[in-house]
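Q: Sharing a structure with you now.
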Amino acid sequence: MNFELTEERQMLQDTLRRYLSDRYTTATRNAIIDSDTGMSDEIWTELAELGVIGALFTEEQGGFGGAGFDITTVFEELGRAGVVEPFLDTAILGGGLIAALGDDTQKQLLDEVIAGGAHLALAHGEPTSRYDLSRVETTVVQNGTTGGGADVQNGENIVLNGRKAVVVNAEAAGHLIVSARESGAADDPAGISLFLVPAGTPGLSLRGYPLFSGGRAAEVTLDNVTLPASARLGLANKGFAALADVVARADVALVAEVMGAMETATELTRDYLMTRKQFGRPIGTFQALAHRYSDLLIELEQARSAVINAAGHLDKPSEIRDLQVSAARNLIGRVGRHVAEETIQMHGGIAMTQEYELAHIAKRITLADHRFGDTDYHLERFIDLSAA
Amino acid sequence: MDLSYTPEEEAFREEVRGFLAENLPKEISDAIKYGTGLGKDGYLRWQAILNEKGWLAPNWPAEYGGAEWNAVQKHIYEEEAAAAHAPRTVAFGLAMLGPVLMQFGSQAQKDYYLPRILSGEDWWCQGYSEPGAGSDLASLKTRAVRDGDHYVVNGQKTWTTLGQHANKIFCLVRTDPDVKQQEGISFLLIDMDTPGIEVRPIILLDGTPEVNEVFFDNVRVPVENLVGEENKGWTYAKYLLTHERTNIAGVGYSRAGLESLKRIARIEQSGGRPLIENPHFAARLAKVEIDLMAMATTNLRIISRAAAGQAPGVESSMLKVKGTIIRQEINDLTRRAVGPYAMPFASEAVAGDNDPIGPDYAGPVTSQYFNNRKLSIFGGSNEIQRGIISKVKMGG
């Protein structure tokens with residue numbers, strides 16, 4: 001039994017924490033949020049140079065980490081600083097799928113991603129699919145015929161039609177990874193295929209917008225997007241397992257990010273309670289607030305353990321992994337809401353202002369619960385998996 | 001015990017409903033319904049319509065142009081107005097300053113200011129909170145020093161809601177620093193155009209400039225702008241706060257919010273079925289509805305006592321705490337209900353001429369969730385309310 005970080009991960013954590021506390025101040029970050037692209041290329045490159053992206057991939061894939069605890073080490077630090085740059089989208093989701101499914105040509109893109117020179121986005125969710133990972137209604141037609149079978153791999157033209165919702169980082173991405181239904185019913189896990197679609201492909205249109213917690217996304221329309229057969233990522237009809245794998249990794253990244261953000265929220269609250277005076281004394285000396293602060297710390301320890309549980313089971317068989325992942329996302333979802341709302345309340349009006357750090361941190365915590373299933377979704381998934 | 005309204009009250013409800021159906025402009029109710037916000041012109045336009053009908057100042061006696069409604073009538077109006085997505089009237093002049101002037105103002109102040117509140121000529125804002133005086137309001141430091149026929153005011157106010165629209169501000173200022181805090185405060189009426197006043201917007205976490213900081217640098221205020229007596233301002237402030245706490249439970253807003261949530265949950269799909277059929281979601285929805293049904297009756301119990309002439313005591317604190325918990329829970333459920341479409345930033349999602357991003361109801365929900373965290377903070381935070389309840393009930 002050992003709950004300490006390895007020496008390498010400890011170094012990575014120290015490096016990131018130092019870099020982000022020096023470079024990623026509230027003012028810098030808020031200016032990034034207000035910018036047209038919603039991210040800083042400079043910060044992206046510098047963080048890539050510090051190994052943030054490499055740490056998320058194995059040596060075989062061209063990185064130096066790739067395990068659950070590498071993901072949590074990186075994302076906890078990103079969460080502490082409220083980083084809005086799309087590491088989840090480019091590296092965990094996009095890079096993760098190329099690493100898992102890409103052929104040699106496609107994997108060249110992964111080298112660029114790890115070096116910080118390329119962006120990716122996963123265009124999977126659709127306007128009515130909500131958190132249903134297997135619900136895909138975007139269509140794919142190959143050589144004028146639909147349906148599965150081994151021979152579709154050899155066809156020349158692939159045509160995609162459909163709409164993808166809230167595709168984070170779509171505008172910056174050099175390639176979108178698009179899921180489409182090749183066979184089966186709308187929510188059948190079998191029959192989903194994946195495609196690597198270069199930005200600017202005719203028929204691909206993006207309506208971009210900023211996100212409430214920073215960064216940007218787009219509504220993506222695919223109108224007869226025509227691609228060569230080489231655009232396929234992995235086998236026809238077999239995309240779901242790889243999607244589920246990268247989403248499990250994204251879930252671990254999200255809980256770690258929220259963990260980091262909750263640490264910051266709690267630290268800001270402690271400092272405020274100790275310095276803000278009303279009725280002639282620091283408000284933290286009022287027991288009504290002191291006990292609530294203690295409750296936050298108790299919940300944070302629970303959250304940390306849930307993150308460790310999820311990260312430690314990331315490479316286990318999917319039924320074991322998913323139970324732990326949903327447990328963590330449910331617990332972090334509940335604790336996250338509690339921490340975000342309580343830390344704002346204990347501060348009062350100041351925490352509701354754009355320029356105070358907690359406002360952004362609370363948004364990151366809250367909106368993380370809208371990606372790949374919210375607290376309630378993961379509770380139901382946990383119940384289903386427990387019953388199985 | 002009789003839970004039903006009298007025939008007269010039911011007739012009044014019909015009258016209100018009919019009036020709203022006929023006179024509330026659709027642009028205005030849409031701005032409220034879809035959370036796109038109402039500018040100064042929108043508020044003034046709606047207030048002029050109400051004033052024309054004689055309903056703008058429900059609390060005020062008829063001699064000043066008020067509707068002179070009793071507590072039950074006010075409640076009925078508020079319920080119907082919320083259901084019709086009518087805007088709230090701006091409380092600072094109508095619900096706060098007006099009653100203070102009627103009770104404590106000079107005849108000249110009443111004659112001059114009250115009609116201007118009704119006509120919309122004056123838009124008042126409230127100069128109470130300061131950076132160092134929030135929950136502990138009596139520790140306020142903004143100084144007013146007498147100099148001939150003027151007070152000279154120096155200091156800073158904050159959280160001044162809609163101060164950017166105001167041409168007048170009523171302020172609590174310190175006129176005697178050497179006595180017990182509460183005994184050295186005066187209540188001043190100040191023209192926002194006076195030299196030395198600067199208004200700076202505070203951008204809130206949903207991106208809106210709803211509140212402001214107001215700075216006073218040697219601002220000269222004529223002594224006739226003092227309300228009542230010097231150093232008696234705390235008494236007037238407390239009187240004003242009892243008026244600020246009317247409609248504190250927000251039952252009408254919660255009902256409108258709950259209806260909107262149900263509408264969304266019938267449209268949103270989860271696992272191939274409407275979200276409202278999801279047992280887990282349905283259970284949370286039911287719990288908040290059950291809480292709201294009970295609170296509505298608590299609210300009516302207190303209103304009927306008030307209509308019988310009993311001043312509400314700690315009950316208004318109780319209603320504030322419970323009312324804000326319920327409204328915030330509805331906001332939370334609504335944000336959850338829209339799923340991934342809670343993520344787009346509101347001002348883009350509801351942008352005027354563009355089609356909405358995602359379903360039309362999704363645009364404002366995240367903004368509303370965060371913005372309404374204020375409900376448990378302003379007007380005496382829920383911590384302050386709990387303190388009042390225990391202090392009164394334990395005789396402390």
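Here's how to read the names in the structure tokens: chain A, B, ... by the order shown, residue numbers from 1 in each chain, ligand numbers from 1 in the order shown.
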What's the 9 Å shell around Thr269 (chain A), counting only C-alpha atoms, without same-chain residues fewer than 6 positions away, as a PDB file with all heavy atoms, in the first residue's frame?
A:
ATOM      1  N   TYR A 293     -16.901  25.350   6.998  1.00  0.00           N
ATOM      2  CA  TYR A 293     -15.577  25.207   6.387  1.00  0.00           C
ATOM      3  C   TYR A 293     -15.015  23.813   6.682  1.00  0.00           C
ATOM      4  O   TYR A 293     -14.467  23.144   5.799  1.00  0.00           O
ATOM      5  CB  TYR A 293     -14.640  26.307   6.906  1.00  0.00           C
ATOM      6  CG  TYR A 293     -13.217  26.122   6.466  1.00  0.00           C
ATOM      7  CD1 TYR A 293     -12.845  26.313   5.138  1.00  0.00           C
ATOM      8  CD2 TYR A 293     -12.235  25.732   7.379  1.00  0.00           C
ATOM      9  CE1 TYR A 293     -11.543  26.123   4.724  1.00  0.00           C
ATOM     10  CE2 TYR A 293     -10.922  25.543   6.976  1.00  0.00           C
ATOM     11  CZ  TYR A 293     -10.584  25.736   5.654  1.00  0.00           C
ATOM     12  OH  TYR A 293      -9.289  25.539   5.242  1.00  0.00           O
ATOM     13  N   THR A 343     -18.793  27.767  -1.027  1.00  0.00           N
ATOM     14  CA  THR A 343     -17.684  28.725  -0.992  1.00  0.00           C
ATOM     15  C   THR A 343     -18.151  30.100  -1.484  1.00  0.00           C
ATOM     16  O   THR A 343     -17.729  31.121  -0.950  1.00  0.00           O
ATOM     17  CB  THR A 343     -16.461  28.235  -1.797  1.00  0.00           C
ATOM     18  OG1 THR A 343     -16.855  27.870  -3.120  1.00  0.00           O
ATOM     19  CG2 THR A 343     -15.813  27.036  -1.119  1.00  0.00           C
ATOM     20  N   ILE A 344     -19.062  30.118  -2.467  1.00  0.00           N
ATOM     21  CA  ILE A 344     -19.619  31.413  -2.892  1.00  0.00           C
ATOM     22  C   ILE A 344     -20.409  32.025  -1.736  1.00  0.00           C
ATOM     23  O   ILE A 344     -20.233  33.195  -1.377  1.00  0.00           O
ATOM     24  CB  ILE A 344     -20.527  31.257  -4.137  1.00  0.00           C
ATOM     25  CG1 ILE A 344     -19.692  30.915  -5.374  1.00  0.00           C
ATOM     26  CG2 ILE A 344     -21.325  32.545  -4.384  1.00  0.00           C
ATOM     27  CD1 ILE A 344     -20.527  30.629  -6.634  1.00  0.00           C
ATOM     28  N   MET A 346     -20.205  31.545   1.480  1.00  0.00           N
ATOM     29  CA  MET A 346     -19.408  31.971   2.634  1.00  0.00           C
ATOM     30  C   MET A 346     -18.614  33.246   2.339  1.00  0.00           C
ATOM     31  O   MET A 346     -18.299  34.004   3.247  1.00  0.00           O
ATOM     32  CB  MET A 346     -18.488  30.830   3.083  1.00  0.00           C
ATOM     33  CG  MET A 346     -19.296  29.701   3.734  1.00  0.00           C
ATOM     34  SD  MET A 346     -18.392  28.151   3.865  1.00  0.00           S
ATOM     35  CE  MET A 346     -17.374  28.486   5.286  1.00  0.00           C
ATOM     36  N   HIS A 347     -18.308  33.457   1.057  1.00  0.00           N
ATOM     37  CA  HIS A 347     -17.671  34.722   0.684  1.00  0.00           C
ATOM     38  C   HIS A 347     -18.675  35.873   0.672  1.00  0.00           C
ATOM     39  O   HIS A 347     -18.363  36.985   1.057  1.00  0.00           O
ATOM     40  CB  HIS A 347     -17.077  34.640  -0.730  1.00  0.00           C
ATOM     41  CG  HIS A 347     -15.708  34.077  -0.800  1.00  0.00           C
ATOM     42  ND1 HIS A 347     -15.452  32.730  -0.764  1.00  0.00           N
ATOM     43  CD2 HIS A 347     -14.498  34.680  -0.929  1.00  0.00           C
ATOM     44  CE1 HIS A 347     -14.146  32.526  -0.872  1.00  0.00           C
ATOM     45  NE2 HIS A 347     -13.549  33.701  -0.972  1.00  0.00           N
ATOM     46  N   LEU A 358     -12.530  32.971  -7.449  1.00  0.00           N
ATOM     47  CA  LEU A 358     -13.497  31.912  -7.131  1.00  0.00           C
ATOM     48  C   LEU A 358     -14.639  31.828  -8.144  1.00  0.00           C
ATOM     49  O   LEU A 358     -15.167  30.745  -8.402  1.00  0.00           O
ATOM     50  CB  LEU A 358     -14.062  32.113  -5.716  1.00  0.00           C
ATOM     51  CG  LEU A 358     -15.081  31.064  -5.263  1.00  0.00           C
ATOM     52  CD1 LEU A 358     -14.514  29.653  -5.305  1.00  0.00           C
ATOM     53  CD2 LEU A 358     -15.593  31.398  -3.863  1.00  0.00           C
TER      54      LEU A 358
END
Q: Gln10 (chain A): which residues within 12 Å, counting only C-alpha atoms, same-chain residues fewer than 5 positions away excluded, as a list in words?
A: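 Returned residues: Glu4, Leu5, Thr15, Leu16, Arg17, Phe69, Asp70, Thr72, Thr73, Val74 and Glu77 of chain A.
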Q: Give me the residues near region 217-227 of chain B as a list in words, where near means some atom within 8 Å (using only C-alpha atoms) and where sequence neighbours in that chain fewer than 2 positions away do not count.
A: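 Using only C-alpha atoms, the neighbours found are Leu101, Phe104, Gly105, Ser106, Asp149, His150, Tyr151, Val152, Val153, Asn154, Gly155, Ser186, Phe187, Leu188, Leu189, Ile190, Thr194, Pro195, Gly196, Ile197, Phe215, Glu229, Glu230 and Gly233 of chain B.
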Q: Pull out every residue of chain B that has at least one atom within 9 Å of chain A, counting only C-alpha atoms, and report them as number ranges by chain.
A: B: 132-139, 159, 202-207, 268-272, 280-281, 336, 338-346, 348-349, 357-359, 366-367, 370-371, 373-374, 376-378, 381-383
Q: Just the residues within 10 Å of Arg13 (chain B), please, counting only C-alpha atoms, with nothing from its chain fewer than 3 positions along; format it as a VMD selection string.
A: chain B and resid 5 7 to 10 16 to 19 73 75 to 77 79 to 80
Q: Find the spatial neighbours of region 37-45 of chain B, counting only C-alpha atoms, within a cut-off of 10 Å - ignore same-chain residues fewer than 3 positions away - and output them as a short mmCIF file (atom, residue, chain, number, x, y, z; two decimals) with N, CA, C and O atoms, in the first residue's frame.
A:
data_model
loop_
_atom_site.label_atom_id
_atom_site.label_comp_id
_atom_site.auth_asym_id
_atom_site.auth_seq_id
_atom_site.Cartn_x
_atom_site.Cartn_y
_atom_site.Cartn_z
N LEU B 24 -49.55 43.55 -21.11
CA LEU B 24 -48.12 43.26 -20.98
C LEU B 24 -47.55 43.02 -22.38
O LEU B 24 -47.91 42.05 -23.05
N PRO B 25 -46.64 43.92 -22.86
CA PRO B 25 -46.09 43.74 -24.21
C PRO B 25 -45.28 42.46 -24.32
O PRO B 25 -44.54 42.11 -23.40
N GLU B 27 -42.68 41.75 -26.14
CA GLU B 27 -41.22 41.91 -26.09
C GLU B 27 -40.73 41.89 -24.65
O GLU B 27 -39.66 41.39 -24.35
N ILE B 28 -41.55 42.49 -23.78
CA ILE B 28 -41.13 42.58 -22.38
C ILE B 28 -41.26 41.22 -21.70
O ILE B 28 -40.34 40.77 -21.02
N SER B 29 -42.38 40.53 -21.90
CA SER B 29 -42.52 39.23 -21.24
C SER B 29 -41.53 38.21 -21.81
O SER B 29 -41.01 37.37 -21.08
N ASP B 30 -41.20 38.32 -23.11
CA ASP B 30 -40.20 37.42 -23.68
C ASP B 30 -38.81 37.66 -23.07
O ASP B 30 -38.07 36.71 -22.82
N ALA B 31 -38.50 38.92 -22.84
CA ALA B 31 -37.19 39.24 -22.24
C ALA B 31 -37.07 38.60 -20.85
O ALA B 31 -36.00 38.15 -20.46
N ILE B 32 -38.18 38.55 -20.13
CA ILE B 32 -38.17 37.93 -18.81
C ILE B 32 -38.15 36.41 -18.95
O ILE B 32 -37.35 35.71 -18.33
N LYS B 33 -39.01 35.92 -19.83
CA LYS B 33 -39.15 34.47 -20.00
C LYS B 33 -37.84 33.84 -20.46
O LYS B 33 -37.43 32.79 -19.97
N TYR B 34 -37.17 34.47 -21.42
CA TYR B 34 -35.95 33.89 -21.97
C TYR B 34 -34.68 34.44 -21.33
O TYR B 34 -33.58 34.14 -21.77
N ALA B 48 -44.79 52.52 -16.72
CA ALA B 48 -45.76 53.51 -17.18
C ALA B 48 -47.13 52.87 -17.43
O ALA B 48 -48.18 53.46 -17.12
N ILE B 49 -47.10 51.64 -17.95
CA ILE B 49 -48.36 50.92 -18.19
C ILE B 49 -49.07 50.64 -16.87
O ILE B 49 -50.29 50.85 -16.73
N LEU B 50 -48.31 50.21 -15.87
CA LEU B 50 -48.90 49.93 -14.56
C LEU B 50 -49.41 51.22 -13.91
O LEU B 50 -50.47 51.25 -13.27
N ASN B 51 -48.65 52.29 -14.07
CA ASN B 51 -49.03 53.56 -13.45
C ASN B 51 -50.33 54.09 -14.03
O ASN B 51 -51.19 54.61 -13.31
N PRO B 87 -42.17 41.79 -15.68
CA PRO B 87 -40.99 42.16 -14.89
C PRO B 87 -41.40 42.60 -13.48
O PRO B 87 -42.54 43.06 -13.28
N ARG B 88 -40.49 42.46 -12.55
CA ARG B 88 -40.71 43.09 -11.24
C ARG B 88 -40.58 44.60 -11.47
O ARG B 88 -39.81 45.03 -12.32
N THR B 89 -41.28 45.37 -10.67
CA THR B 89 -41.04 46.81 -10.73
C THR B 89 -39.75 47.09 -9.97
O THR B 89 -39.31 46.27 -9.15
N VAL B 90 -39.13 48.21 -10.27
CA VAL B 90 -37.86 48.52 -9.62
C VAL B 90 -38.16 48.98 -8.19
O VAL B 90 -38.82 49.99 -7.98
N SER B 119 -43.89 58.60 -11.88
CA SER B 119 -43.81 58.99 -13.30
C SER B 119 -42.58 58.41 -13.99
O SER B 119 -42.47 58.44 -15.20
N GLY B 120 -41.64 57.89 -13.19
CA GLY B 120 -40.41 57.37 -13.78
C GLY B 120 -39.37 58.45 -14.02
O GLY B 120 -38.30 58.17 -14.54
N GLU B 121 -39.68 59.70 -13.62
CA GLU B 121 -38.68 60.76 -13.78
C GLU B 121 -37.43 60.48 -12.95
O GLU B 121 -36.33 60.79 -13.36
N TRP B 123 -35.14 57.61 -11.09
CA TRP B 123 -34.79 56.19 -10.88
C TRP B 123 -33.85 56.18 -9.69
O TRP B 123 -32.74 56.70 -9.75
N LEU B 162 -28.36 48.19 -10.37
CA LEU B 162 -28.86 49.04 -11.46
C LEU B 162 -28.53 50.52 -11.25
O LEU B 162 -29.22 51.40 -11.76
N GLN B 164 -26.37 52.10 -12.64
CA GLN B 164 -26.05 52.72 -13.94
C GLN B 164 -27.26 53.42 -14.55
O GLN B 164 -27.13 54.29 -15.40
N HIS B 165 -28.47 53.03 -14.13
CA HIS B 165 -29.68 53.66 -14.66
C HIS B 165 -30.15 54.83 -13.79
O HIS B 165 -31.06 55.56 -14.17
N ALA B 166 -29.60 54.95 -12.59
CA ALA B 166 -30.21 55.84 -11.60
C ALA B 166 -29.77 57.28 -11.76
O ALA B 166 -28.63 57.57 -12.12
N THR B 208 -22.85 40.00 -16.56
CA THR B 208 -23.76 41.14 -16.59
C THR B 208 -23.29 42.26 -15.67
O THR B 208 -22.76 42.01 -14.59
N PRO B 364 -30.46 30.82 -21.23
CA PRO B 364 -30.19 31.55 -19.99
C PRO B 364 -30.03 30.69 -18.73
O PRO B 364 -29.76 31.24 -17.67
#
Q: So how many Å separate CA of Ala311 (chain A) and CA of Ala172 (chain A), to one decimal?
A: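 Going from CA of Ala311 (chain A) over to CA of Ala172 (chain A), I get 28.8 Å.
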Q: Would you list the contacts of Lys322 (chain B) as a PDB file with C-alpha atoms, in the first residue's frame, taking every protein, DNA or RNA residue within 10 Å and counting only C-alpha atoms, but skipping same-chain residues closer than 6 positions in sequence?
A:
ATOM      1  CA  ILE B 248     -39.521  37.670   0.118  1.00  0.00           C
ATOM      2  CA  ALA B 249     -40.600  34.057  -0.387  1.00  0.00           C
ATOM      3  CA  GLY B 250     -40.782  34.535  -4.166  1.00  0.00           C
ATOM      4  CA  ASP B 291     -41.549  21.913  -0.607  1.00  0.00           C
ATOM      5  CA  LEU B 292     -42.995  24.728  -2.683  1.00  0.00           C
ATOM      6  CA  MET B 295     -44.068  27.116   1.539  1.00  0.00           C
ATOM      7  CA  SER B 316     -40.062  36.862   7.081  1.00  0.00           C
ATOM      8  CA  GLN B 328     -31.991  27.876  -6.111  1.00  0.00           C
ATOM      9  CA  SER B 376     -29.154  33.863  -0.401  1.00  0.00           C
ATOM     10  CA  ASN B 382     -29.272  33.587   4.942  1.00  0.00           C
TER      11      ASN B 382
END
Q: Write down as a ChimeraX atom specification the residues belonging to region 54-228 of chain B that are assigned strand (DSSP E) by DSSP computed on the backbone.
A: /B:124-127,143-147,150-157,168-174,185-191,197-202,211-222,226-227
Q: List as a list in words the protein and nucleic acid residues near region 86-89 of chain A, meaning an atom at most 9 Å away when only C-alpha atoms are counted, but skip any in the same chain fewer than 5 places from it.
A: Met39, Trp44, Val52, Ile53, Phe75, Gly94, Gly95, His119, Leu120, Ala121, Leu122, Val168, Asn169, Gly215, Arg216, Ala250, Ala253 and Leu254 of chain A
Q: Using N, CA, C and O atoms, can you export the residues from the last selection as a PDB file, in the first residue's frame?
A:
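Now in part.pdb:
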ATOM      1  N   MET A  39      -8.231  30.741 -26.027  1.00  0.00           N
ATOM      2  CA  MET A  39      -7.065  30.052 -25.462  1.00  0.00           C
ATOM      3  C   MET A  39      -5.797  30.788 -25.855  1.00  0.00           C
ATOM      4  O   MET A  39      -5.803  31.623 -26.748  1.00  0.00           O
ATOM      5  N   TRP A  44      -0.165  27.206 -24.260  1.00  0.00           N
ATOM      6  CA  TRP A  44      -0.281  25.826 -24.759  1.00  0.00           C
ATOM      7  C   TRP A  44       1.106  25.251 -25.065  1.00  0.00           C
ATOM      8  O   TRP A  44       1.455  24.155 -24.635  1.00  0.00           O
ATOM      9  N   VAL A  52       3.152  18.426 -20.203  1.00  0.00           N
ATOM     10  CA  VAL A  52       1.753  18.191 -19.846  1.00  0.00           C
ATOM     11  C   VAL A  52       1.079  17.186 -20.784  1.00  0.00           C
ATOM     12  O   VAL A  52       0.338  16.320 -20.341  1.00  0.00           O
ATOM     13  N   ILE A  53       1.368  17.301 -22.077  1.00  0.00           N
ATOM     14  CA  ILE A  53       0.718  16.397 -23.029  1.00  0.00           C
ATOM     15  C   ILE A  53       1.426  15.042 -23.046  1.00  0.00           C
ATOM     16  O   ILE A  53       0.780  13.994 -23.018  1.00  0.00           O
ATOM     17  N   PHE A  75      -4.207  16.855 -14.419  1.00  0.00           N
ATOM     18  CA  PHE A  75      -5.482  17.572 -14.411  1.00  0.00           C
ATOM     19  C   PHE A  75      -5.807  18.206 -13.061  1.00  0.00           C
ATOM     20  O   PHE A  75      -6.505  19.219 -12.999  1.00  0.00           O
ATOM     21  N   GLY A  94      -9.052  13.311 -28.370  1.00  0.00           N
ATOM     22  CA  GLY A  94      -8.567  13.203 -29.748  1.00  0.00           C
ATOM     23  C   GLY A  94      -7.326  12.333 -29.836  1.00  0.00           C
ATOM     24  O   GLY A  94      -7.297  11.334 -30.565  1.00  0.00           O
ATOM     25  N   GLY A  95      -6.305  12.715 -29.066  1.00  0.00           N
ATOM     26  CA  GLY A  95      -5.050  11.964 -29.082  1.00  0.00           C
ATOM     27  C   GLY A  95      -5.272  10.520 -28.639  1.00  0.00           C
ATOM     28  O   GLY A  95      -4.681   9.589 -29.197  1.00  0.00           O
ATOM     29  N   HIS A 119      -4.089  20.613 -32.792  1.00  0.00           N
ATOM     30  CA  HIS A 119      -5.290  20.481 -31.957  1.00  0.00           C
ATOM     31  C   HIS A 119      -6.265  19.495 -32.569  1.00  0.00           C
ATOM     32  O   HIS A 119      -6.334  19.344 -33.796  1.00  0.00           O
ATOM     33  N   LEU A 120      -7.031  18.832 -31.692  1.00  0.00           N
ATOM     34  CA  LEU A 120      -8.047  17.877 -32.128  1.00  0.00           C
ATOM     35  C   LEU A 120      -9.338  18.153 -31.364  1.00  0.00           C
ATOM     36  O   LEU A 120      -9.343  18.828 -30.327  1.00  0.00           O
ATOM     37  N   ALA A 121     -10.432  17.621 -31.903  1.00  0.00           N
ATOM     38  CA  ALA A 121     -11.708  17.696 -31.179  1.00  0.00           C
ATOM     39  C   ALA A 121     -12.512  16.443 -31.476  1.00  0.00           C
ATOM     40  O   ALA A 121     -12.425  15.899 -32.585  1.00  0.00           O
ATOM     41  N   LEU A 122     -13.258  15.994 -30.498  1.00  0.00           N
ATOM     42  CA  LEU A 122     -14.134  14.835 -30.687  1.00  0.00           C
ATOM     43  C   LEU A 122     -15.549  15.329 -30.967  1.00  0.00           C
ATOM     44  O   LEU A 122     -16.188  15.943 -30.104  1.00  0.00           O
ATOM     45  N   VAL A 168     -16.416  20.722 -28.228  1.00  0.00           N
ATOM     46  CA  VAL A 168     -15.431  21.600 -27.592  1.00  0.00           C
ATOM     47  C   VAL A 168     -14.147  21.594 -28.417  1.00  0.00           C
ATOM     48  O   VAL A 168     -13.702  20.536 -28.875  1.00  0.00           O
ATOM     49  N   ASN A 169     -13.600  22.788 -28.628  1.00  0.00           N
ATOM     50  CA  ASN A 169     -12.337  22.972 -29.361  1.00  0.00           C
ATOM     51  C   ASN A 169     -12.444  22.705 -30.862  1.00  0.00           C
ATOM     52  O   ASN A 169     -11.429  22.544 -31.531  1.00  0.00           O
ATOM     53  N   GLY A 215     -13.021  28.834 -22.740  1.00  0.00           N
ATOM     54  CA  GLY A 215     -12.823  27.988 -23.916  1.00  0.00           C
ATOM     55  C   GLY A 215     -13.973  28.138 -24.892  1.00  0.00           C
ATOM     56  O   GLY A 215     -14.889  28.935 -24.662  1.00  0.00           O
ATOM     57  N   ARG A 216     -13.897  27.411 -25.996  1.00  0.00           N
ATOM     58  CA  ARG A 216     -14.918  27.544 -27.028  1.00  0.00           C
ATOM     59  C   ARG A 216     -15.392  26.184 -27.524  1.00  0.00           C
ATOM     60  O   ARG A 216     -14.702  25.181 -27.371  1.00  0.00           O
ATOM     61  N   ALA A 250     -11.325  10.441 -19.922  1.00  0.00           N
ATOM     62  CA  ALA A 250     -11.800  11.824 -19.769  1.00  0.00           C
ATOM     63  C   ALA A 250     -12.516  12.002 -18.436  1.00  0.00           C
ATOM     64  O   ALA A 250     -12.380  13.039 -17.771  1.00  0.00           O
ATOM     65  N   ALA A 253      -9.932  12.420 -15.888  1.00  0.00           N
ATOM     66  CA  ALA A 253      -9.374  13.770 -16.009  1.00  0.00           C
ATOM     67  C   ALA A 253     -10.320  14.799 -15.391  1.00  0.00           C
ATOM     68  O   ALA A 253      -9.892  15.708 -14.670  1.00  0.00           O
ATOM     69  N   LEU A 254     -11.601  14.651 -15.657  1.00  0.00           N
ATOM     70  CA  LEU A 254     -12.581  15.621 -15.132  1.00  0.00           C
ATOM     71  C   LEU A 254     -12.663  15.589 -13.605  1.00  0.00           C
ATOM     72  O   LEU A 254     -12.716  16.638 -12.961  1.00  0.00           O
TER      73      LEU A 254
END
